[in-house]
Amino acid sequence: LSFSYFLPKNGYFSTPISPFSIRGIGVDLTNYFALQTGFSLYRMSGLNIKDIDDFESKDALVGPNFTLMVPLELVLQFVGQRQEFRIKGGGFGFLTFDNKLNNGNVDKAIRQLESWEVANSSFDFDNKPGFGYFFGAEYVIFITRQWGLTFEANYLIGDADFGLSGSYTGGNSSGGLTTREVDYSDAKLDLTGLELSIGIIITQ
């Protein structure tokens with residue numbers, strides 16, 4: 001059982017849904033290798049969108065939302081009497097829901113793109129499941145024979161199709177307003193960042 005925190009690239013610090021996520025469920029393949037899975041449900045404060053043809057932003061363009069992340073990982077583990085060290089890597093799938101565009105940051109990016117003083121956008125988006133890969137490490141120390149503490153860090157690199165379509169209107173005080181119809185069908189929701197976890201391991 002663990003608390004996992006996510007620091008996304010070009011996004012906002014995000015936390016898990018209380019009370020916990022469940023990770024590290026699996027089987028030992030040998031004394032040194034294991035296969036593990038689990039899940040984490042995040043309340044993402046903000047994520048970015050990449051592969052937009054015309055502009056990019058260093059600020060989160062989506063959020064807040066809920067994100068369910070399910071990893072499948074191969075673990076290289078070194079087990080002692082009271083301590084364990086694990087090196088992990090694998091893939092993950094994720095699904096976001098209850099998404100909202102951060103219109104303030106979207107409009108800011110459009111103003112910079114067009115060199116306008118004002119801009120107002122209206123976009124629809126196509127939300128789909130996403131996939132990615134990750135790598136990381138975990139340190140475990142057992143306080144008693146039955147339970148221990150775990151500290152884990154993973155770096156995630158993933159994305160999901162997030163096509164944008166709609167229009168934006170804006171301009172400068174020296175001229176009239178301009179409206180542009182756009183279709184960013186190749187846009188992707190960016191789930192890249194550092195995941196930190198603190199948890200409890202319970203054994204029989």
# chains A, B, ... in the order shown; residues from 1 in each chain; ligands from 1

call {"tool": "residues_around", "arguments": {"residues": "A:Leu72", "least_positions_apart": "2", "cutoff": "6 Å", "atoms": "only C-alpha atoms", "output": "PyMOL selection string"}}
result
chain A and resi 36-37+90-92

call {"tool": "residues_around", "arguments": {"residues": "stretch 138-154 of chain A", "least_positions_apart": "4", "cutoff": "7 Å", "atoms": "only C-alpha atoms", "output": "PyMOL selection string"}}
result
chain A and resi 82-87+134+194-204

call {"tool": "write_last_selection", "arguments": {"atoms": "N, CA and C atoms", "output": "PDB file, in the first residue's frame"}}
result
ATOM      1  N   ARG A  82      17.034  -7.811   6.215  1.00  0.00           N
ATOM      2  CA  ARG A  82      16.158  -6.701   6.626  1.00  0.00           C
ATOM      3  C   ARG A  82      16.000  -5.627   5.556  1.00  0.00           C
ATOM      4  N   GLN A  83      16.736  -5.744   4.460  1.00  0.00           N
ATOM      5  CA  GLN A  83      16.679  -4.719   3.423  1.00  0.00           C
ATOM      6  C   GLN A  83      16.584  -5.363   2.045  1.00  0.00           C
ATOM      7  N   GLU A  84      15.963  -4.614   1.116  1.00  0.00           N
ATOM      8  CA  GLU A  84      15.852  -5.064  -0.268  1.00  0.00           C
ATOM      9  C   GLU A  84      16.074  -3.863  -1.192  1.00  0.00           C
ATOM     10  N   PHE A  85      16.686  -4.134  -2.331  1.00  0.00           N
ATOM     11  CA  PHE A  85      16.862  -3.101  -3.352  1.00  0.00           C
ATOM     12  C   PHE A  85      16.377  -3.658  -4.674  1.00  0.00           C
ATOM     13  N   ARG A  86      15.564  -2.898  -5.384  1.00  0.00           N
ATOM     14  CA  ARG A  86      14.958  -3.372  -6.614  1.00  0.00           C
ATOM     15  C   ARG A  86      15.152  -2.349  -7.732  1.00  0.00           C
ATOM     16  N   ILE A  87      15.516  -2.846  -8.904  1.00  0.00           N
ATOM     17  CA  ILE A  87      15.583  -2.041 -10.114  1.00  0.00           C
ATOM     18  C   ILE A  87      14.416  -2.469 -10.999  1.00  0.00           C
ATOM     19  N   PHE A 134       8.479   2.998 -18.461  1.00  0.00           N
ATOM     20  CA  PHE A 134       9.078   3.642 -17.295  1.00  0.00           C
ATOM     21  C   PHE A 134      10.265   2.828 -16.802  1.00  0.00           C
ATOM     22  N   LEU A 194       8.156  12.455 -13.146  1.00  0.00           N
ATOM     23  CA  LEU A 194       8.753  11.685 -12.050  1.00  0.00           C
ATOM     24  C   LEU A 194       7.673  11.283 -11.052  1.00  0.00           C
ATOM     25  N   GLU A 195       7.622   9.997 -10.741  1.00  0.00           N
ATOM     26  CA  GLU A 195       6.686   9.471  -9.753  1.00  0.00           C
ATOM     27  C   GLU A 195       7.459   9.061  -8.500  1.00  0.00           C
ATOM     28  N   LEU A 196       7.040   9.584  -7.345  1.00  0.00           N
ATOM     29  CA  LEU A 196       7.661   9.252  -6.067  1.00  0.00           C
ATOM     30  C   LEU A 196       6.630   8.546  -5.195  1.00  0.00           C
ATOM     31  N   SER A 197       7.051   7.460  -4.543  1.00  0.00           N
ATOM     32  CA  SER A 197       6.123   6.673  -3.740  1.00  0.00           C
ATOM     33  C   SER A 197       6.734   6.366  -2.377  1.00  0.00           C
ATOM     34  N   ILE A 198       5.891   6.418  -1.349  1.00  0.00           N
ATOM     35  CA  ILE A 198       6.238   5.993  -0.001  1.00  0.00           C
ATOM     36  C   ILE A 198       5.148   5.019   0.440  1.00  0.00           C
ATOM     37  N   GLY A 199       5.532   3.823   0.889  1.00  0.00           N
ATOM     38  CA  GLY A 199       4.499   2.847   1.199  1.00  0.00           C
ATOM     39  C   GLY A 199       4.879   1.883   2.301  1.00  0.00           C
ATOM     40  N   ILE A 200       3.949   0.967   2.548  1.00  0.00           N
ATOM     41  CA  ILE A 200       4.102  -0.080   3.560  1.00  0.00           C
ATOM     42  C   ILE A 200       3.990  -1.436   2.874  1.00  0.00           C
ATOM     43  N   ILE A 201       4.915  -2.341   3.196  1.00  0.00           N
ATOM     44  CA  ILE A 201       4.853  -3.717   2.705  1.00  0.00           C
ATOM     45  C   ILE A 201       4.474  -4.611   3.881  1.00  0.00           C
ATOM     46  N   ILE A 202       3.456  -5.443   3.667  1.00  0.00           N
ATOM     47  CA  ILE A 202       2.993  -6.373   4.682  1.00  0.00           C
ATOM     48  C   ILE A 202       3.236  -7.793   4.189  1.00  0.00           C
ATOM     49  N   THR A 203       3.902  -8.615   4.957  1.00  0.00           N
ATOM     50  CA  THR A 203       4.203 -10.000   4.587  1.00  0.00           C
ATOM     51  C   THR A 203       3.579 -10.945   5.578  1.00  0.00           C
ATOM     52  N   GLN A 204       3.478 -12.199   5.181  1.00  0.00           N
ATOM     53  CA  GLN A 204       2.947 -13.231   6.074  1.00  0.00           C
ATOM     54  C   GLN A 204       4.025 -13.755   7.001  1.00  0.00           C
TER      55      GLN A 204
END

call {"tool": "select_by_dssp", "arguments": {"residues": "stretch 80-190 of chain A", "states": "strand (DSSP E)", "output": "ChimeraX atom specification"}}
result
/A:83-97,118-142,147-171,178-184,188-190

call {"tool": "write_last_selection", "arguments": {"atoms": "C-alpha atoms", "output": "PDB file, in the first residue's frame"}}
result
ATOM      1  CA  GLN A  83      16.679  -4.719   3.423  1.00  0.00           C
ATOM      2  CA  GLU A  84      15.852  -5.064  -0.268  1.00  0.00           C
ATOM      3  CA  PHE A  85      16.862  -3.101  -3.352  1.00  0.00           C
ATOM      4  CA  ARG A  86      14.958  -3.372  -6.614  1.00  0.00           C
ATOM      5  CA  ILE A  87      15.583  -2.041 -10.114  1.00  0.00           C
ATOM      6  CA  LYS A  88      12.387  -1.807 -12.171  1.00  0.00           C
ATOM      7  CA  GLY A  89      11.354  -1.245 -15.756  1.00  0.00           C
ATOM      8  CA  GLY A  90       8.344  -1.940 -17.927  1.00  0.00           C
ATOM      9  CA  GLY A  91       5.277  -0.490 -19.538  1.00  0.00           C
ATOM     10  CA  PHE A  92       2.045   1.070 -18.346  1.00  0.00           C
ATOM     11  CA  GLY A  93      -1.399   1.946 -19.567  1.00  0.00           C
ATOM     12  CA  PHE A  94      -3.439   4.898 -18.392  1.00  0.00           C
ATOM     13  CA  LEU A  95      -6.854   6.447 -18.832  1.00  0.00           C
ATOM     14  CA  THR A  96      -7.854   9.998 -17.979  1.00  0.00           C
ATOM     15  CA  PHE A  97     -11.405  11.094 -17.301  1.00  0.00           C
ATOM     16  CA  VAL A 118      -6.267  39.167 -26.626  1.00  0.00           C
ATOM     17  CA  ALA A 119      -7.408  35.669 -27.607  1.00  0.00           C
ATOM     18  CA  ASN A 120     -10.376  33.489 -26.779  1.00  0.00           C
ATOM     19  CA  SER A 121     -10.495  29.804 -27.766  1.00  0.00           C
ATOM     20  CA  SER A 122     -13.216  27.174 -27.978  1.00  0.00           C
ATOM     21  CA  PHE A 123     -11.955  23.593 -28.445  1.00  0.00           C
ATOM     22  CA  ASP A 124     -13.379  20.109 -28.264  1.00  0.00           C
ATOM     23  CA  PHE A 125     -11.056  17.182 -27.514  1.00  0.00           C
ATOM     24  CA  ASP A 126     -11.004  13.468 -28.225  1.00  0.00           C
ATOM     25  CA  ASN A 127      -9.858  11.580 -25.138  1.00  0.00           C
ATOM     26  CA  LYS A 128      -8.410   8.057 -25.582  1.00  0.00           C
ATOM     27  CA  PRO A 129      -6.412   5.579 -23.456  1.00  0.00           C
ATOM     28  CA  GLY A 130      -2.652   5.989 -23.486  1.00  0.00           C
ATOM     29  CA  PHE A 131       0.466   3.881 -23.073  1.00  0.00           C
ATOM     30  CA  GLY A 132       4.102   4.364 -22.165  1.00  0.00           C
ATOM     31  CA  TYR A 133       7.171   2.940 -20.485  1.00  0.00           C
ATOM     32  CA  PHE A 134       9.078   3.642 -17.295  1.00  0.00           C
ATOM     33  CA  PHE A 135      12.168   2.793 -15.266  1.00  0.00           C
ATOM     34  CA  GLY A 136      13.060   3.265 -11.634  1.00  0.00           C
ATOM     35  CA  ALA A 137      14.277   1.841  -8.343  1.00  0.00           C
ATOM     36  CA  GLU A 138      12.893   0.877  -4.936  1.00  0.00           C
ATOM     37  CA  TYR A 139      14.449   0.543  -1.484  1.00  0.00           C
ATOM     38  CA  VAL A 140      12.753  -1.514   1.237  1.00  0.00           C
ATOM     39  CA  ILE A 141      13.632  -1.751   4.905  1.00  0.00           C
ATOM     40  CA  PHE A 142      11.774  -4.132   7.216  1.00  0.00           C
ATOM     41  CA  TRP A 147       6.019  -5.199   7.794  1.00  0.00           C
ATOM     42  CA  GLY A 148       8.433  -2.738   6.262  1.00  0.00           C
ATOM     43  CA  LEU A 149       8.740   0.648   4.610  1.00  0.00           C
ATOM     44  CA  THR A 150       9.298   1.173   0.894  1.00  0.00           C
ATOM     45  CA  PHE A 151      10.667   4.210  -0.954  1.00  0.00           C
ATOM     46  CA  GLU A 152      10.365   4.246  -4.735  1.00  0.00           C
ATOM     47  CA  ALA A 153      11.093   6.581  -7.660  1.00  0.00           C
ATOM     48  CA  ASN A 154      10.082   5.994 -11.288  1.00  0.00           C
ATOM     49  CA  TYR A 155      10.386   8.088 -14.423  1.00  0.00           C
ATOM     50  CA  LEU A 156       7.380   7.704 -16.738  1.00  0.00           C
ATOM     51  CA  ILE A 157       7.278   8.490 -20.470  1.00  0.00           C
ATOM     52  CA  GLY A 158       3.845   8.104 -22.042  1.00  0.00           C
ATOM     53  CA  ASP A 159       1.142   9.788 -24.085  1.00  0.00           C
ATOM     54  CA  ALA A 160      -2.437   9.382 -25.299  1.00  0.00           C
ATOM     55  CA  ASP A 161      -4.230  10.629 -28.414  1.00  0.00           C
ATOM     56  CA  PHE A 162      -5.964  13.879 -27.522  1.00  0.00           C
ATOM     57  CA  GLY A 163      -7.117  15.448 -30.775  1.00  0.00           C
ATOM     58  CA  LEU A 164      -8.201  19.084 -30.532  1.00  0.00           C
ATOM     59  CA  SER A 165     -10.586  20.827 -32.909  1.00  0.00           C
ATOM     60  CA  GLY A 166     -12.393  24.145 -32.787  1.00  0.00           C
ATOM     61  CA  SER A 167     -11.615  27.805 -33.257  1.00  0.00           C
ATOM     62  CA  TYR A 168     -10.064  30.830 -31.629  1.00  0.00           C
ATOM     63  CA  THR A 169     -10.669  34.548 -31.987  1.00  0.00           C
ATOM     64  CA  GLY A 170      -8.383  37.439 -31.126  1.00  0.00           C
ATOM     65  CA  GLY A 171      -6.427  40.430 -32.244  1.00  0.00           C
ATOM     66  CA  THR A 178      -9.695  37.494 -36.463  1.00  0.00           C
ATOM     67  CA  THR A 179     -11.229  34.024 -36.159  1.00  0.00           C
ATOM     68  CA  ARG A 180      -9.393  30.875 -37.169  1.00  0.00           C
ATOM     69  CA  GLU A 181     -10.803  27.354 -37.490  1.00  0.00           C
ATOM     70  CA  VAL A 182      -8.195  24.716 -36.524  1.00  0.00           C
ATOM     71  CA  ASP A 183      -7.887  20.946 -36.259  1.00  0.00           C
ATOM     72  CA  TYR A 184      -5.003  19.490 -34.247  1.00  0.00           C
ATOM     73  CA  LYS A 188      -1.307  14.003 -27.567  1.00  0.00           C
ATOM     74  CA  LEU A 189      -1.779  14.223 -23.833  1.00  0.00           C
ATOM     75  CA  ASP A 190       1.690  14.081 -22.293  1.00  0.00           C
TER      76      ASP A 190
END

call {"tool": "closest_residue", "arguments": {"among": "A:Phe55, A:Val62, A:Thr15, A:Ser2", "to": "A:Gly38", "atoms": "only C-alpha atoms"}}
result
A:Ser2

call {"tool": "closest_residue", "arguments": {"among": "A:Leu1, A:Ala109, A:Val75, A:Val70", "to": "A:Glu56", "atoms": "only C-alpha atoms"}}
result
A:Ala109

call {"tool": "atom_distance", "arguments": {"atom1": "atom CA of A:Phe13", "atom2": "atom CA of A:Ile110"}}
result
24.1 Å

call {"tool": "decode", "arguments": {"residues": "stretch 2-110 of chain A", "atoms": "C-alpha atoms", "output": "short mmCIF file (atom, residue, chain, number, x, y, z; two decimals), in the first residue's frame"}}
result
data_model
loop_
_atom_site.label_atom_id
_atom_site.label_comp_id
_atom_site.auth_asym_id
_atom_site.auth_seq_id
_atom_site.Cartn_x
_atom_site.Cartn_y
_atom_site.Cartn_z
CA SER A 2 1.53 3.30 -1.02
CA PHE A 3 1.08 7.02 -1.48
CA SER A 4 2.36 8.03 -4.92
CA TYR A 5 3.06 11.58 -6.04
CA PHE A 6 3.59 12.67 -9.63
CA LEU A 7 5.65 15.61 -10.88
CA PRO A 8 4.76 15.94 -14.59
CA LYS A 9 6.90 17.59 -17.21
CA ASN A 10 5.39 21.02 -17.96
CA GLY A 11 2.53 20.30 -15.57
CA TYR A 12 1.48 20.68 -11.94
CA PHE A 13 2.34 18.58 -8.88
CA SER A 14 -0.29 15.82 -8.52
CA THR A 15 -1.36 13.51 -5.72
CA PRO A 16 -3.10 10.13 -5.45
CA ILE A 17 -6.75 9.70 -4.55
CA SER A 18 -6.99 9.04 -0.81
CA PRO A 19 -6.27 6.78 0.90
CA PHE A 20 -3.75 4.89 -1.21
CA SER A 21 -2.69 3.15 -4.37
CA ILE A 22 -1.86 -0.55 -4.57
CA ARG A 23 1.43 -1.46 -6.25
CA GLY A 24 3.95 -4.28 -6.26
CA ILE A 25 1.48 -7.15 -6.63
CA GLY A 26 3.11 -10.05 -8.43
CA VAL A 27 5.13 -13.23 -8.42
CA ASP A 28 8.80 -14.10 -8.06
CA LEU A 29 10.12 -15.70 -11.23
CA THR A 30 13.47 -16.54 -9.64
CA ASN A 31 15.38 -15.41 -6.56
CA TYR A 32 16.41 -12.29 -8.45
CA PHE A 33 13.59 -11.56 -10.88
CA ALA A 34 9.90 -10.80 -10.29
CA LEU A 35 6.92 -9.68 -12.33
CA GLN A 36 4.71 -7.05 -10.69
CA THR A 37 1.64 -4.92 -11.36
CA GLY A 38 -0.91 -2.81 -9.45
CA PHE A 39 -2.63 0.53 -9.98
CA SER A 40 -2.62 4.18 -8.90
CA LEU A 41 -5.53 6.60 -9.19
CA TYR A 42 -4.32 10.18 -9.42
CA ARG A 43 -6.03 13.51 -9.13
CA MET A 44 -3.86 15.25 -11.71
CA SER A 45 -3.61 18.98 -11.15
CA GLY A 46 -2.46 19.66 -14.70
CA LEU A 47 -0.87 17.93 -17.70
CA ASN A 48 0.43 19.27 -20.97
CA ILE A 49 -0.50 18.57 -24.59
CA LYS A 50 2.25 17.93 -27.13
CA ASP A 51 2.44 17.59 -30.93
CA ILE A 52 0.18 20.58 -31.58
CA ASP A 53 1.19 21.78 -35.05
CA ASP A 54 1.17 25.52 -34.39
CA PHE A 55 2.24 26.14 -30.82
CA GLU A 56 3.61 24.64 -27.62
CA SER A 57 3.39 25.65 -23.99
CA LYS A 58 5.49 25.15 -20.88
CA ASP A 59 2.29 25.44 -18.81
CA ALA A 60 -0.35 22.74 -18.26
CA LEU A 61 -3.05 22.87 -20.94
CA VAL A 62 -5.27 20.17 -19.39
CA GLY A 63 -6.51 19.79 -15.85
CA PRO A 64 -7.51 19.00 -13.34
CA ASN A 65 -8.54 15.42 -14.16
CA PHE A 66 -8.53 11.88 -12.80
CA THR A 67 -5.93 9.44 -14.15
CA LEU A 68 -5.91 5.69 -13.62
CA MET A 69 -2.44 4.23 -14.22
CA VAL A 70 -1.71 0.46 -14.37
CA PRO A 71 1.94 -0.69 -14.69
CA LEU A 72 3.44 -4.04 -15.66
CA GLU A 73 7.06 -4.25 -14.60
CA LEU A 74 10.00 -6.63 -14.55
CA VAL A 75 11.97 -6.34 -11.31
CA LEU A 76 15.59 -7.16 -10.60
CA GLN A 77 15.77 -7.59 -6.82
CA PHE A 78 18.54 -8.01 -4.28
CA VAL A 79 17.13 -9.35 -1.03
CA GLY A 80 18.83 -9.25 2.38
CA GLN A 81 17.58 -10.15 5.84
CA ARG A 82 16.16 -6.70 6.63
CA GLN A 83 16.68 -4.72 3.42
CA GLU A 84 15.85 -5.06 -0.27
CA PHE A 85 16.86 -3.10 -3.35
CA ARG A 86 14.96 -3.37 -6.61
CA ILE A 87 15.58 -2.04 -10.11
CA LYS A 88 12.39 -1.81 -12.17
CA GLY A 89 11.35 -1.25 -15.76
CA GLY A 90 8.34 -1.94 -17.93
CA GLY A 91 5.28 -0.49 -19.54
CA PHE A 92 2.05 1.07 -18.35
CA GLY A 93 -1.40 1.95 -19.57
CA PHE A 94 -3.44 4.90 -18.39
CA LEU A 95 -6.85 6.45 -18.83
CA THR A 96 -7.85 10.00 -17.98
CA PHE A 97 -11.40 11.09 -17.30
CA ASP A 98 -13.30 14.21 -16.21
CA ASN A 99 -10.82 16.21 -18.30
CA LYS A 100 -10.99 19.98 -18.54
CA LEU A 101 -8.97 22.27 -20.78
CA ASN A 102 -7.09 25.01 -18.97
CA ASN A 103 -8.47 27.76 -21.20
CA GLY A 104 -6.35 30.45 -19.59
CA ASN A 105 -3.09 28.71 -20.53
CA VAL A 106 -4.43 27.74 -23.98
CA ASP A 107 -5.37 31.36 -24.73
CA LYS A 108 -1.97 32.53 -23.46
CA ALA A 109 -0.20 30.16 -25.88
CA ILE A 110 -2.36 31.41 -28.76
#
